[in-house]
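Enquirer: Dropping in entry_25.cif, with mmCIF, C-alpha atoms and all ligand atoms.
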```cif
data_work
#
loop_
_atom_site.group_PDB
_atom_site.id
_atom_site.type_symbol
_atom_site.label_atom_id
_atom_site.label_comp_id
_atom_site.auth_asym_id
_atom_site.auth_seq_id
_atom_site.Cartn_x
_atom_site.Cartn_y
_atom_site.Cartn_z
ATOM 1 C CA VAL A 5 -12.225 -98.315 127.286
ATOM 2 C CA THR A 6 -10.578 -95.003 128.065
ATOM 3 C CA ASN A 7 -6.816 -94.998 128.521
ATOM 4 C CA PHE A 8 -5.593 -93.838 131.864
ATOM 5 C CA ILE A 9 -2.851 -94.384 134.454
ATOM 6 C CA ARG A 10 -3.702 -94.373 138.136
ATOM 7 C CA GLU A 11 -0.875 -94.076 140.631
ATOM 8 C CA ARG A 12 -1.028 -95.419 144.179
ATOM 9 C CA ASP A 13 1.446 -95.943 147.021
ATOM 10 C CA ALA A 14 1.978 -99.386 148.470
ATOM 11 C CA GLY A 15 4.488 -99.416 151.318
ATOM 12 C CA GLY A 16 7.433 -97.765 149.607
ATOM 13 C CA ALA A 17 6.477 -99.038 146.160
ATOM 14 C CA VAL A 18 4.446 -97.215 143.534
ATOM 15 C CA VAL A 19 1.739 -99.162 141.749
ATOM 16 C CA LEU A 20 0.756 -97.849 138.329
ATOM 17 C CA GLU A 21 -2.643 -99.179 137.394
ATOM 18 C CA ILE A 22 -2.713 -98.999 133.637
ATOM 19 C CA THR A 23 -5.972 -99.178 131.751
ATOM 20 C CA GLY A 24 -6.577 -99.406 128.027
ATOM 21 C CA ARG A 25 -4.396 -99.854 124.974
ATOM 22 C CA ILE A 26 -0.663 -99.140 125.005
ATOM 23 C CA THR A 27 -0.034 -98.270 121.404
ATOM 24 C CA LEU A 28 1.989 -95.816 119.368
ATOM 25 C CA GLY A 29 1.006 -92.247 120.208
ATOM 26 C CA GLU A 30 -0.112 -90.042 123.000
ATOM 27 C CA TYR A 31 -0.754 -92.727 125.622
ATOM 28 C CA SER A 32 2.724 -94.221 125.199
ATOM 29 C CA LEU A 33 4.189 -90.752 125.653
ATOM 30 C CA LYS A 34 2.073 -90.215 128.742
ATOM 31 C CA PHE A 35 3.394 -93.486 130.161
ATOM 32 C CA ARG A 36 6.967 -92.422 129.383
ATOM 33 C CA ASP A 37 6.453 -89.062 131.141
ATOM 34 C CA CYS A 38 4.953 -90.820 134.125
ATOM 35 C CA ILE A 39 8.031 -93.097 134.495
ATOM 36 C CA ARG A 40 10.441 -90.174 134.054
ATOM 37 C CA ASP A 41 8.582 -88.161 136.663
ATOM 38 C CA LEU A 42 8.746 -91.018 139.196
ATOM 39 C CA VAL A 43 12.468 -91.552 138.539
ATOM 40 C CA ALA A 44 13.141 -87.819 138.871
ATOM 41 C CA HIS A 45 11.611 -88.005 142.361
ATOM 42 C CA GLN A 46 13.689 -91.111 143.249
ATOM 43 C CA ARG A 47 10.551 -93.254 143.357
ATOM 44 C CA THR A 48 12.028 -96.215 141.622
ATOM 45 C CA ARG A 49 10.309 -99.257 143.109
ATOM 46 C CA ILE A 50 7.515 -99.542 140.601
ATOM 47 C CA VAL A 51 4.872 -102.170 139.935
ATOM 48 C CA LEU A 52 2.987 -102.005 136.644
ATOM 49 C CA ASP A 53 -0.473 -103.426 137.185
ATOM 50 C CA PHE A 54 -1.452 -104.698 133.729
ATOM 51 C CA SER A 55 -4.713 -106.403 134.652
ATOM 52 C CA GLN A 56 -6.758 -103.726 132.837
ATOM 53 C CA VAL A 57 -4.568 -103.453 129.749
ATOM 54 C CA THR A 58 -6.508 -104.541 126.680
ATOM 55 C CA TYR A 59 -3.863 -104.354 123.980
ATOM 56 C CA VAL A 60 -0.138 -103.635 123.531
ATOM 57 C CA ASP A 61 1.401 -103.026 120.100
ATOM 58 C CA SER A 62 5.127 -103.175 119.220
ATOM 59 C CA ALA A 63 5.600 -99.479 119.967
ATOM 60 C CA GLY A 64 4.083 -100.145 123.397
ATOM 61 C CA VAL A 65 6.474 -103.039 123.967
ATOM 62 C CA GLY A 66 9.379 -100.745 123.000
ATOM 63 C CA GLU A 67 8.143 -98.168 125.482
ATOM 64 C CA LEU A 68 7.937 -100.785 128.246
ATOM 65 C CA VAL A 69 11.467 -101.994 127.525
ATOM 66 C CA SER A 70 12.819 -98.464 127.652
ATOM 67 C CA ALA A 71 10.939 -97.797 130.928
ATOM 68 C CA TYR A 72 12.697 -100.835 132.374
ATOM 69 C CA THR A 73 16.090 -99.459 131.300
ATOM 70 C CA THR A 74 15.346 -95.986 132.674
ATOM 71 C CA VAL A 75 14.411 -97.365 136.087
ATOM 72 C CA ALA A 76 17.308 -99.861 136.199
ATOM 73 C CA ASN A 77 19.794 -97.129 135.267
ATOM 74 C CA HIS A 78 18.652 -95.255 138.356
ATOM 75 C CA GLY A 79 19.219 -98.260 140.587
ATOM 76 C CA GLY A 80 15.525 -99.061 140.836
ATOM 77 C CA LYS A 81 13.305 -101.989 140.126
ATOM 78 C CA ILE A 82 10.162 -102.241 138.039
ATOM 79 C CA THR A 83 8.031 -105.335 137.646
ATOM 80 C CA LEU A 84 5.067 -106.190 135.533
ATOM 81 C CA SER A 85 2.083 -107.750 137.157
ATOM 82 C CA HIS A 86 -0.910 -109.676 135.920
ATOM 83 C CA PRO A 87 -0.731 -109.224 132.150
ATOM 84 C CA ARG A 88 -3.773 -110.688 130.407
ATOM 85 C CA LEU A 89 -2.518 -113.037 127.789
ATOM 86 C CA ARG A 90 -5.195 -111.917 125.352
ATOM 87 C CA SER A 91 -3.806 -108.392 125.332
ATOM 88 C CA MET A 92 -0.498 -109.510 123.867
ATOM 89 C CA ASP A 93 0.626 -112.186 121.478
ATOM 90 C CA LEU A 94 3.200 -114.731 122.536
ATOM 91 C CA MET A 95 6.065 -112.921 120.836
ATOM 92 C CA LYS A 96 5.449 -109.743 122.811
ATOM 93 C CA ILE A 97 5.065 -111.675 126.055
ATOM 94 C CA THR A 98 8.365 -113.417 125.332
ATOM 95 C CA LYS A 99 10.127 -110.140 124.608
ATOM 96 C CA LEU A 100 8.867 -108.470 127.791
ATOM 97 C CA GLY A 101 9.510 -111.621 129.821
ATOM 98 C CA GLY A 102 13.163 -111.429 128.748
ATOM 99 C CA VAL A 103 13.399 -108.036 130.412
ATOM 100 C CA TYR A 104 10.750 -107.866 133.117
ATOM 101 C CA GLU A 105 10.040 -110.051 136.061
ATOM 102 C CA ILE A 106 6.372 -110.906 135.497
ATOM 103 C CA THR A 107 4.203 -111.785 138.487
ATOM 104 C CA SER A 108 0.691 -113.158 138.531
ATOM 105 C CA SER A 109 -0.625 -110.758 141.157
ATOM 106 C CA VAL A 110 0.002 -107.205 142.275
ATOM 107 C CA GLU A 111 0.459 -108.331 145.903
ATOM 108 C CA GLU A 112 3.220 -110.711 144.875
ATOM 109 C CA ALA A 113 4.893 -107.928 142.891
ATOM 110 C CA ILE A 114 4.703 -105.514 145.832
ATOM 111 C CA SER A 115 6.178 -107.919 148.354
ATOM 112 C CA GLY A 116 8.929 -108.883 145.888
ATOM 113 C CA ILE A 117 9.869 -105.286 145.328
ATOM 114 C CA GLN A 118 9.788 -104.411 149.045
ATOM 115 C CA SER A 119 12.237 -107.162 149.932
ATOM 116 C CA ALA A 120 14.637 -106.095 147.200
ATOM 117 C CA ARG A 121 18.025 -105.217 148.649
ATOM 118 C CA LEU A 122 18.928 -101.666 149.435
ATOM 119 C CA THR A 123 21.763 -100.215 147.383
ATOM 120 C CA PHE A 124 23.662 -96.961 147.486
ATOM 121 C CA LEU A 125 25.247 -95.006 144.675
ATOM 122 C CA CYS A 126 29.017 -94.501 144.574
ATOM 123 C CA ILE A 127 29.682 -90.863 143.691
ATOM 124 C CA VAL A 128 33.335 -91.271 142.736
ATOM 125 C CA SER A 129 33.873 -89.678 139.347
ATOM 126 C CA ARG A 130 33.392 -92.164 136.478
ATOM 127 C CA CYS A 131 32.354 -94.947 138.839
ATOM 128 C CA GLU A 132 28.728 -94.074 139.659
ATOM 129 C CA THR A 133 27.947 -97.694 140.513
ATOM 130 C CA TRP A 134 25.234 -99.103 142.794
ATOM 131 C CA SER A 135 26.505 -101.343 145.592
ATOM 132 C CA PRO A 136 24.706 -103.224 148.367
ATOM 133 C CA PHE A 137 24.173 -101.095 151.452
ATOM 134 C CA GLU A 138 25.232 -102.831 154.666
ATOM 135 C CA ALA A 139 22.619 -101.485 157.049
ATOM 136 C CA ALA A 140 23.906 -102.997 160.282
ATOM 137 C CA GLY A 141 27.453 -102.954 159.022
ATOM 138 C CA PRO A 142 30.449 -100.692 159.322
ATOM 139 C CA GLU A 143 30.561 -96.933 159.401
ATOM 140 C CA TYR A 144 31.846 -96.886 155.840
ATOM 141 C CA GLN A 145 30.042 -98.384 152.840
ATOM 142 C CA THR A 146 32.211 -100.030 150.200
ATOM 143 C CA CYS A 147 31.743 -99.659 146.450
ATOM 144 C CA THR A 148 31.985 -103.070 144.780
ATOM 145 C CA ARG A 149 33.445 -101.544 141.623
ATOM 146 C CA CYS A 150 36.092 -98.995 142.640
ATOM 147 C CA GLY A 151 36.592 -100.110 146.251
ATOM 148 C CA SER A 152 36.043 -96.596 147.587
ATOM 149 C CA GLN A 153 34.664 -96.181 151.084
ATOM 150 C CA SER A 154 31.829 -93.741 151.657
ATOM 151 C CA LYS A 155 30.895 -92.384 155.043
ATOM 152 C CA LEU A 156 27.273 -91.240 154.949
ATOM 153 C CA ALA A 157 25.397 -88.878 157.267
ATOM 154 C CA LEU A 158 22.654 -91.280 158.365
ATOM 155 C CA THR A 159 19.941 -89.612 160.397
ATOM 156 C CA GLY A 160 17.194 -92.226 160.362
ATOM 157 C CA ALA A 161 16.290 -95.617 158.996
ATOM 158 C CA ALA A 162 18.242 -96.224 155.796
ATOM 159 C CA GLU A 163 15.129 -97.768 154.222
ATOM 160 C CA ALA A 164 13.311 -94.476 154.523
ATOM 161 C CA MET A 165 16.086 -92.450 152.943
ATOM 162 C CA GLN A 166 16.305 -91.557 149.319
ATOM 163 C CA SER A 167 18.977 -88.869 149.369
ATOM 164 C CA VAL A 168 21.742 -88.701 151.954
ATOM 165 C CA GLU A 169 24.722 -86.455 152.533
ATOM 166 C CA VAL A 170 28.197 -87.879 152.005
ATOM 167 C CA VAL A 171 30.578 -86.985 154.846
ATOM 168 C CA GLN A 172 33.694 -88.462 153.248
ATOM 169 C CA VAL A 173 34.718 -90.701 150.353
ATOM 170 C CA SER A 174 38.061 -92.486 150.494
ATOM 171 C CA ILE A 175 39.458 -93.706 147.202
ATOM 172 C CA PRO A 176 42.065 -96.455 147.670
ATOM 173 C CA SER A 177 45.516 -96.436 146.055
ATOM 174 C CA TYR A 178 47.861 -98.907 147.763
ATOM 175 C CA GLY A 179 46.640 -101.135 150.617
ATOM 176 C CA GLY A 180 45.682 -98.819 153.453
ATOM 177 C CA GLU A 181 46.649 -95.729 151.425
ATOM 178 C CA TYR A 182 44.038 -93.491 149.834
ATOM 179 C CA ALA A 183 42.863 -90.078 148.712
ATOM 180 C CA ALA A 184 39.885 -88.796 150.714
ATOM 181 C CA VAL A 185 37.338 -86.225 149.575
ATOM 182 C CA ILE A 186 35.870 -84.232 152.466
ATOM 183 C CA PRO A 187 33.074 -81.865 151.408
ATOM 184 C CA GLY A 188 32.815 -78.435 152.993
ATOM 185 C CA ARG A 189 33.986 -74.863 152.507
ATOM 186 C CA PRO A 190 36.386 -75.398 150.937
ATOM 187 C CA CYS A 191 36.138 -79.033 149.908
ATOM 188 C CA ARG A 192 39.316 -80.863 150.950
ATOM 189 C CA VAL A 193 41.226 -83.766 149.474
ATOM 190 C CA GLU A 194 43.630 -85.563 151.793
ATOM 191 C CA VAL A 195 46.331 -87.722 150.265
ATOM 192 C CA HIS A 196 47.441 -90.519 152.599
ATOM 193 C CA GLY A 197 50.554 -92.540 151.808
ATOM 194 C CA ARG A 198 52.757 -92.557 148.743
ATOM 195 C CA LEU A 199 52.351 -90.104 145.920
ATOM 196 C CA ASP A 200 53.551 -91.714 142.714
ATOM 197 C CA LEU A 201 51.900 -92.013 139.322
ATOM 198 C CA PHE A 202 49.778 -94.954 140.510
ATOM 199 C CA ALA A 203 48.550 -93.186 143.650
ATOM 200 C CA LEU A 204 47.938 -90.116 141.521
ATOM 201 C CA ASN A 205 45.053 -91.963 139.829
ATOM 202 C CA SER A 206 43.206 -91.916 143.133
ATOM 203 C CA ALA A 207 44.060 -88.244 143.616
ATOM 204 C CA ARG A 208 42.751 -87.581 140.109
ATOM 205 C CA LYS A 209 39.445 -89.363 140.848
ATOM 206 C CA ALA A 210 39.238 -87.402 144.100
ATOM 207 C CA ALA A 211 39.811 -84.119 142.254
ATOM 208 C CA SER A 212 37.108 -84.786 139.715
ATOM 209 C CA THR A 213 34.670 -85.996 142.391
ATOM 210 C CA ALA A 214 35.326 -82.812 144.389
ATOM 211 C CA ARG A 215 35.580 -80.710 141.207
ATOM 212 C CA ALA A 216 37.696 -78.187 143.129
ATOM 213 C CA ALA A 217 39.445 -78.551 146.465
ATOM 214 C CA VAL A 218 42.358 -77.757 148.726
ATOM 215 C CA PHE A 219 44.667 -80.784 148.751
ATOM 216 C CA ASP A 220 46.131 -81.538 152.137
ATOM 217 C CA LEU A 221 49.478 -83.276 151.607
ATOM 218 C CA SER A 222 50.426 -83.544 155.328
ATOM 219 C CA ALA A 223 50.016 -87.328 155.260
ATOM 220 C CA VAL A 224 52.043 -87.982 152.095
ATOM 221 C CA THR A 225 54.921 -90.294 152.995
ATOM 222 C CA GLU A 226 57.002 -90.116 149.812
ATOM 223 C CA ALA A 227 56.632 -88.567 146.375
ATOM 224 C CA THR A 228 58.280 -88.878 142.976
ATOM 225 C CA PRO A 229 59.222 -85.927 140.712
ATOM 226 C CA ARG A 230 56.863 -87.171 137.973
ATOM 227 C CA ALA A 231 54.005 -87.366 140.462
ATOM 228 C CA TRP A 232 54.703 -83.810 141.658
ATOM 229 C CA SER A 233 54.522 -82.471 138.065
ATOM 230 C CA ALA A 234 51.339 -84.424 137.359
ATOM 231 C CA LEU A 235 49.794 -83.277 140.641
ATOM 232 C CA PHE A 236 50.525 -79.603 139.925
ATOM 233 C CA GLU A 237 48.908 -79.931 136.490
ATOM 234 C CA LEU A 238 45.907 -81.578 138.100
ATOM 235 C CA LEU A 239 45.570 -78.823 140.707
ATOM 236 C CA ALA A 240 45.700 -76.102 138.063
ATOM 237 C CA ALA A 241 43.069 -77.880 135.951
ATOM 238 C CA PHE A 242 40.672 -78.128 138.910
ATOM 239 C CA ASP A 243 41.112 -74.603 140.394
ATOM 240 C CA SER A 244 42.746 -76.368 143.305
ATOM 241 C CA THR A 245 45.719 -75.664 145.575
ATOM 242 C CA ALA A 246 47.771 -77.769 147.966
ATOM 243 C CA PHE A 247 48.995 -77.474 151.525
ATOM 244 C CA LEU A 248 52.274 -79.080 152.610
ATOM 245 C CA PRO A 249 53.403 -78.137 156.138
ATOM 246 C CA LYS A 250 56.918 -76.713 156.686
ATOM 247 C CA ARG A 251 57.856 -79.637 158.939
ATOM 248 C CA SER A 252 57.410 -82.063 156.012
ATOM 249 C CA SER A 253 60.602 -83.866 154.999
ATOM 250 C CA LEU A 254 59.425 -84.268 151.387
ATOM 251 C CA THR A 255 61.471 -82.726 148.582
ATOM 252 C CA VAL A 256 59.302 -80.946 146.073
ATOM 253 C CA THR A 257 60.880 -81.229 142.621
ATOM 254 C CA PRO A 258 60.151 -79.715 140.247
ATOM 255 C CA ALA A 259 59.018 -76.686 142.240
ATOM 256 C CA ALA A 260 55.384 -75.635 142.036
ATOM 257 C CA GLY A 261 54.156 -72.307 140.723
ATOM 258 C CA ASN A 262 53.774 -69.873 143.617
ATOM 259 C CA ASP A 263 49.976 -69.929 143.434
ATOM 260 C CA ILE A 264 49.672 -73.728 143.810
ATOM 261 C CA LEU A 265 51.607 -75.054 146.818
ATOM 262 C CA PHE A 266 51.560 -73.443 150.270
ATOM 263 C CA ASP A 267 53.030 -74.258 153.674
ATOM 264 C CA ASP A 268 50.185 -72.349 155.302
ATOM 265 C CA LEU A 269 46.679 -73.850 155.142
ATOM 266 C CA ARG A 270 44.943 -70.461 155.298
ATOM 267 C CA GLN A 271 46.951 -69.196 152.304
ATOM 268 C CA ALA A 272 46.210 -72.376 150.347
ATOM 269 C CA GLU A 273 42.494 -71.829 150.950
ATOM 270 C CA GLU A 274 42.623 -68.177 149.932
ATOM 271 C CA ALA A 275 44.510 -69.001 146.729
ATOM 272 C CA HIS A 276 41.951 -71.735 145.992
ATOM 273 C CA PHE A 277 39.061 -69.280 146.460
ATOM 274 C CA ALA A 278 40.864 -66.789 144.199
ATOM 275 C CA ALA A 279 41.207 -69.495 141.515
ATOM 276 C CA LEU A 280 37.480 -70.251 141.807
ATOM 277 C CA GLU A 281 36.725 -66.542 141.381
ATOM 278 C CA ARG A 282 38.909 -66.269 138.260
ATOM 279 C CA SER A 283 37.193 -69.292 136.705
ATOM 280 C CA ALA A 284 33.733 -68.022 137.549
ATOM 281 C CA ARG A 285 34.548 -64.624 136.033
ATOM 282 C CA ARG A 286 35.724 -66.316 132.812
ATOM 283 C CA ARG A 287 32.465 -68.238 132.607
ATOM 284 C CA GLY A 288 30.308 -65.308 133.690
ATOM 285 C CA THR A 289 28.981 -67.199 136.741
ATOM 286 C CA THR A 290 29.210 -66.766 140.511
ATOM 287 C CA PRO A 291 31.871 -68.759 142.372
ATOM 288 C CA THR A 292 30.756 -71.561 144.731
ATOM 289 C CA TYR A 293 33.110 -71.888 147.673
ATOM 290 C CA GLU A 294 31.203 -74.614 149.416
ATOM 291 C CA ARG A 295 30.834 -78.129 148.090
ATOM 292 C CA ARG A 296 28.277 -80.615 149.467
ATOM 293 C CA LEU A 297 28.006 -84.156 148.150
ATOM 294 C CA HIS A 298 24.920 -86.323 148.134
ATOM 295 C CA THR A 299 24.162 -89.868 147.203
ATOM 296 C CA TYR A 300 21.057 -92.039 146.985
ATOM 297 C CA PHE A 301 19.644 -95.195 148.464
ATOM 298 C CA LEU A 302 17.443 -97.330 146.303
ATOM 299 C CA THR A 303 16.357 -100.881 145.772
HETATM 300 ZN ZN ZN A 401 32.780 -96.698 143.090
#
```
Translate this file's structure into structure tokens.
Ligand SMILES: [Zn+2]

Expert:
Amino acid sequence: VTNFIRERDAGGAVVLEITGRITLGEYSLKFRDCIRDLVAHQRTRIVLDFSQVTYVDSAGVGELVSAYTTVANHGGKITLSHPRLRSMDLMKITKLGGVYEITSSVEEAISGIQSARLTFLCIVSRCETWSPFEAAGPEYQTCTRCGSQSKLALTGAAEAMQSVEVVQVSIPSYGGEYAAVIPGRPCRVEVHGRLDLFALNSARKAASTARAAVFDLSAVTEATPRAWSALFELLAAFDSTAFLPKRSSLTVTPAAGNDILFDDLRQAEEAHFAALERSARRRGTTPTYERRLHTYFLT
């Protein structure tokens, strides 16, 4: 029997019909490439049809386990269908069964994978967690790990979407208070509520999600001297600047360097662009003034 992999679509799922022996060597590598290619194209609902597999050695089992991990790490699901018991000894079946959901028919595998729940990826820096997507739910989707709220630019059925633009991500600090990342040119970060060392954690996550931004401090209600110092360090590290309107009653101590904090939004933006240009020149690259954020839906 010749080894080959045939790929077919089945209502949002990909069925890989695998024929032959999965053993150490070229065919295992071909299988690995095939999985990586699917994942790279966000096609991560995968059914492995094993009905034509004649033999699997330990290297093949290792390859199957790592395929499972690759797909799961991308928020997807992969199941194994119809393995012939003769092609594997009990130990290998047991090992794969500990990882894979094994179904007795391809149809069963397809319907199982289609009804899998839709999830979306949180893009907050160092969170990157998949959470259930509430299709008929609120305007904002909530991350189960960091509690951030993502507003997504939905333009069709969520089920049909793989990649979607993020309009805003709000990262909570105190109840009802948050730092919001708003992509655009420039990307903005709005700080709402108190600015102390605790709230600064949210501002820090916002800064590293945005990578560079103009911080709008109009909605800051109170701020501590230690938070001001930490914020100014943060802004400098991320080629960012801040805008605090003249009418604000906040006392800024210690004072910021004169290229960091502005009472004019336009000036804050220009200084931010200038910081981006300096950084780009240092790295020998071209500055990017616009920042767009995307996330993914998967099952
Ligand atoms: Zn999160």

Enquirer: For the file shown, report as a list in words the outcome of the PyMOL selection byres (((chain A and resi 216-220) around 7) and not hetatm) at residue level.

Expert: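 Written out, the selection comes to Pro190, Cys191, Arg192, Val193, Glu194, Val195, Ala211, Ala214, Arg215, Leu221, Ser222, Phe242, Asp243, Ser244, Thr245, Ala246, Phe247, Leu248, Ala272, Glu273 and His276 of chain A.
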
Enquirer: Okay, now the selection with C-alpha atoms, as an mmCIF file, in the coordinates of the input?

Expert:
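Output below, filename result-v1.cif:
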```cif
data_model
loop_
_atom_site.group_PDB
_atom_site.id
_atom_site.type_symbol
_atom_site.label_atom_id
_atom_site.label_comp_id
_atom_site.auth_asym_id
_atom_site.auth_seq_id
_atom_site.Cartn_x
_atom_site.Cartn_y
_atom_site.Cartn_z
ATOM 1 C CA PRO A 190 36.386 -75.398 150.937
ATOM 2 C CA CYS A 191 36.138 -79.033 149.908
ATOM 3 C CA ARG A 192 39.316 -80.863 150.950
ATOM 4 C CA VAL A 193 41.226 -83.766 149.474
ATOM 5 C CA GLU A 194 43.630 -85.563 151.793
ATOM 6 C CA VAL A 195 46.331 -87.722 150.265
ATOM 7 C CA ALA A 211 39.811 -84.119 142.254
ATOM 8 C CA ALA A 214 35.326 -82.812 144.389
ATOM 9 C CA ARG A 215 35.580 -80.710 141.207
ATOM 10 C CA LEU A 221 49.478 -83.276 151.607
ATOM 11 C CA SER A 222 50.426 -83.544 155.328
ATOM 12 C CA PHE A 242 40.672 -78.128 138.910
ATOM 13 C CA ASP A 243 41.112 -74.603 140.394
ATOM 14 C CA SER A 244 42.746 -76.368 143.305
ATOM 15 C CA THR A 245 45.719 -75.664 145.575
ATOM 16 C CA ALA A 246 47.771 -77.769 147.966
ATOM 17 C CA PHE A 247 48.995 -77.474 151.525
ATOM 18 C CA LEU A 248 52.274 -79.080 152.610
ATOM 19 C CA ALA A 272 46.210 -72.376 150.347
ATOM 20 C CA GLU A 273 42.494 -71.829 150.950
ATOM 21 C CA HIS A 276 41.951 -71.735 145.992
#
```

Enquirer: Evaluate the PyMOL selection byres (((not hetatm)) within 7 of (chain A and resi 401)) on the structure here and hand back the selected residues as a VMD selection string.

Expert: chain A and resid 126 to 128 131 to 133 147 to 152

Enquirer: Using the chain letters and residue numbers of this document, give as a VMD selection string the residues selected by the PyMOL selection byres (((chain A and resi 63) around 9) and not hetatm).

Expert: chain A and resid 26 to 29 32 60 to 62 64 to 68

Enquirer: So how far away is atom CA of A:Leu199 from atom CA of A:Glu226, in Å?

Expert: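 We find that atom CA of A:Glu226 and atom CA of A:Leu199 lie 6.1 Å from each other.
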
Enquirer: Let me make sure I understand: among A:Ala17, A:Gln118, A:Asn77, A:Thr83, which one has the smallest atom-to-atom distance to A:Arg40 if we use all atoms listed in the file?

Expert: A:Asn77

Enquirer: Please compute the atom CA of A:His86-atom CA of A:Gly102 distance, one decimal, in Å.

Expert: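 Taking atom CA of A:His86 and atom CA of A:Gly102, their separation equals 15.9 Å.
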
Enquirer: Between atom CA of A:Ala14 and atom CA of A:Ile114, what distance in Å does the model show, to one decimal?

Expert: 7.2 Å

Enquirer: Hey, what's within 7 Å of stretch 8-12 of chain A if we count all atoms listed in the file and toss same-chain stuff fewer than 3 positions away? As a list in words, please?

Expert: Val18, Val19, Leu20, Glu21, Ile22, Thr23 and Gly24 of chain A

Enquirer: Show which residues sit within 9 Å of A:Ser233, as a list in words. Count only C-alpha atoms, and ignore same-chain residues fewer than 4 positions away.

Expert: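 In the requested format, the answer is Thr228, Pro229, Glu237, Leu238, Thr257, Pro258, Ala259 and Ala260 of chain A.
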
Enquirer: For those residues, write C-alpha atoms to a file as an mmCIF file, in the frame of the given file.

Expert:
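Done, and the output landed in part.cif:
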```cif
data_model
loop_
_atom_site.group_PDB
_atom_site.id
_atom_site.type_symbol
_atom_site.label_atom_id
_atom_site.label_comp_id
_atom_site.auth_asym_id
_atom_site.auth_seq_id
_atom_site.Cartn_x
_atom_site.Cartn_y
_atom_site.Cartn_z
ATOM 1 C CA THR A 228 58.280 -88.878 142.976
ATOM 2 C CA PRO A 229 59.222 -85.927 140.712
ATOM 3 C CA GLU A 237 48.908 -79.931 136.490
ATOM 4 C CA LEU A 238 45.907 -81.578 138.100
ATOM 5 C CA THR A 257 60.880 -81.229 142.621
ATOM 6 C CA PRO A 258 60.151 -79.715 140.247
ATOM 7 C CA ALA A 259 59.018 -76.686 142.240
ATOM 8 C CA ALA A 260 55.384 -75.635 142.036
#
```

Enquirer: Excluding A:Leu100 and its own-chain neighbours fewer than 4 positions away, which residues fall within 10 Å of it when counting all atoms listed in the file? Please give them as a list in words.

Expert: Val65, Gly66, Leu68, Val69, Tyr72, Leu84, Leu94, Met95, Lys96, Tyr104, Glu105 and Ile106 of chain A

Enquirer: Mind giving me the axis-aligned box for stretch 16-22 of chain A with 5 Å on every side, centre plus edges in Å to one decimal, as lines of an AutoDock Vina configuration file?

Expert:
```
center_x = 2.4
center_y = -98.2
center_z = 141.6
size_x = 20.1
size_y = 12.0
size_z = 26.0
```

Enquirer: Which residue out of A:Gly288, A:Ala71, A:Leu204, A:Val185 has the minimum interatomic distance to A:Leu33 when all atoms listed in the file are used?

Expert: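 Of A:Gly288, A:Ala71, A:Leu204, A:Val185, the one nearest A:Leu33, counting all atoms listed in the file, is A:Ala71.
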
Enquirer: If we draw a sphere of 7 Å around (35.8, -90.2, 148.1), which residues have at least one atom in it when counting all atoms listed in the file? Please report them as a list in words.

Expert: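 The residues near that point, listed by chain and number, are Val128, Ser152, Gln153, Ser154, Gln172, Val173, Ser174, Ile175, Ala184, Val185 and Ala210 of chain A.
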
Enquirer: So that I can look at just that part, could you write stretch 95-129 of chain A with C-alpha atoms, as an mmCIF file, in the first residue's frame?

Expert:
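selection.cif, freshly written:
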```cif
data_model
loop_
_atom_site.group_PDB
_atom_site.id
_atom_site.type_symbol
_atom_site.label_atom_id
_atom_site.label_comp_id
_atom_site.auth_asym_id
_atom_site.auth_seq_id
_atom_site.Cartn_x
_atom_site.Cartn_y
_atom_site.Cartn_z
ATOM 1 C CA MET A 95 -0.390 -0.007 24.276
ATOM 2 C CA LYS A 96 -0.416 2.435 21.375
ATOM 3 C CA ILE A 97 -4.209 2.542 21.325
ATOM 4 C CA THR A 98 -4.173 3.285 25.053
ATOM 5 C CA LYS A 99 -1.623 6.059 24.643
ATOM 6 C CA LEU A 100 -3.537 7.743 21.812
ATOM 7 C CA GLY A 101 -6.851 7.210 23.601
ATOM 8 C CA GLY A 102 -5.450 9.183 26.545
ATOM 9 C CA VAL A 103 -5.007 12.160 24.247
ATOM 10 C CA TYR A 104 -7.473 11.818 21.391
ATOM 11 C CA GLU A 105 -11.187 11.420 21.328
ATOM 12 C CA ILE A 106 -11.571 8.271 19.223
ATOM 13 C CA THR A 107 -14.786 7.741 17.271
ATOM 14 C CA SER A 108 -15.939 4.665 15.420
ATOM 15 C CA SER A 109 -17.004 6.490 12.270
ATOM 16 C CA VAL A 110 -15.975 9.561 10.325
ATOM 17 C CA GLU A 111 -19.568 10.876 10.325
ATOM 18 C CA GLU A 112 -19.674 10.744 14.109
ATOM 19 C CA ALA A 113 -16.342 12.573 14.276
ATOM 20 C CA ILE A 114 -17.539 15.283 11.881
ATOM 21 C CA SER A 115 -20.776 15.967 13.717
ATOM 22 C CA GLY A 116 -18.923 16.009 17.055
ATOM 23 C CA ILE A 117 -16.429 18.522 15.788
ATOM 24 C CA GLN A 118 -19.087 20.738 14.171
ATOM 25 C CA SER A 119 -21.032 21.077 17.404
ATOM 26 C CA ALA A 120 -17.908 21.991 19.347
ATOM 27 C CA ARG A 121 -18.283 25.389 20.982
ATOM 28 C CA LEU A 122 -16.947 28.480 19.339
ATOM 29 C CA THR A 123 -14.141 30.225 21.192
ATOM 30 C CA PHE A 124 -12.283 33.462 20.669
ATOM 31 C CA LEU A 125 -8.709 34.348 21.492
ATOM 32 C CA CYS A 126 -7.942 37.040 24.069
ATOM 33 C CA ILE A 127 -5.186 39.249 22.660
ATOM 34 C CA VAL A 128 -4.203 40.916 25.928
ATOM 35 C CA SER A 129 -0.452 40.637 26.334
#
```
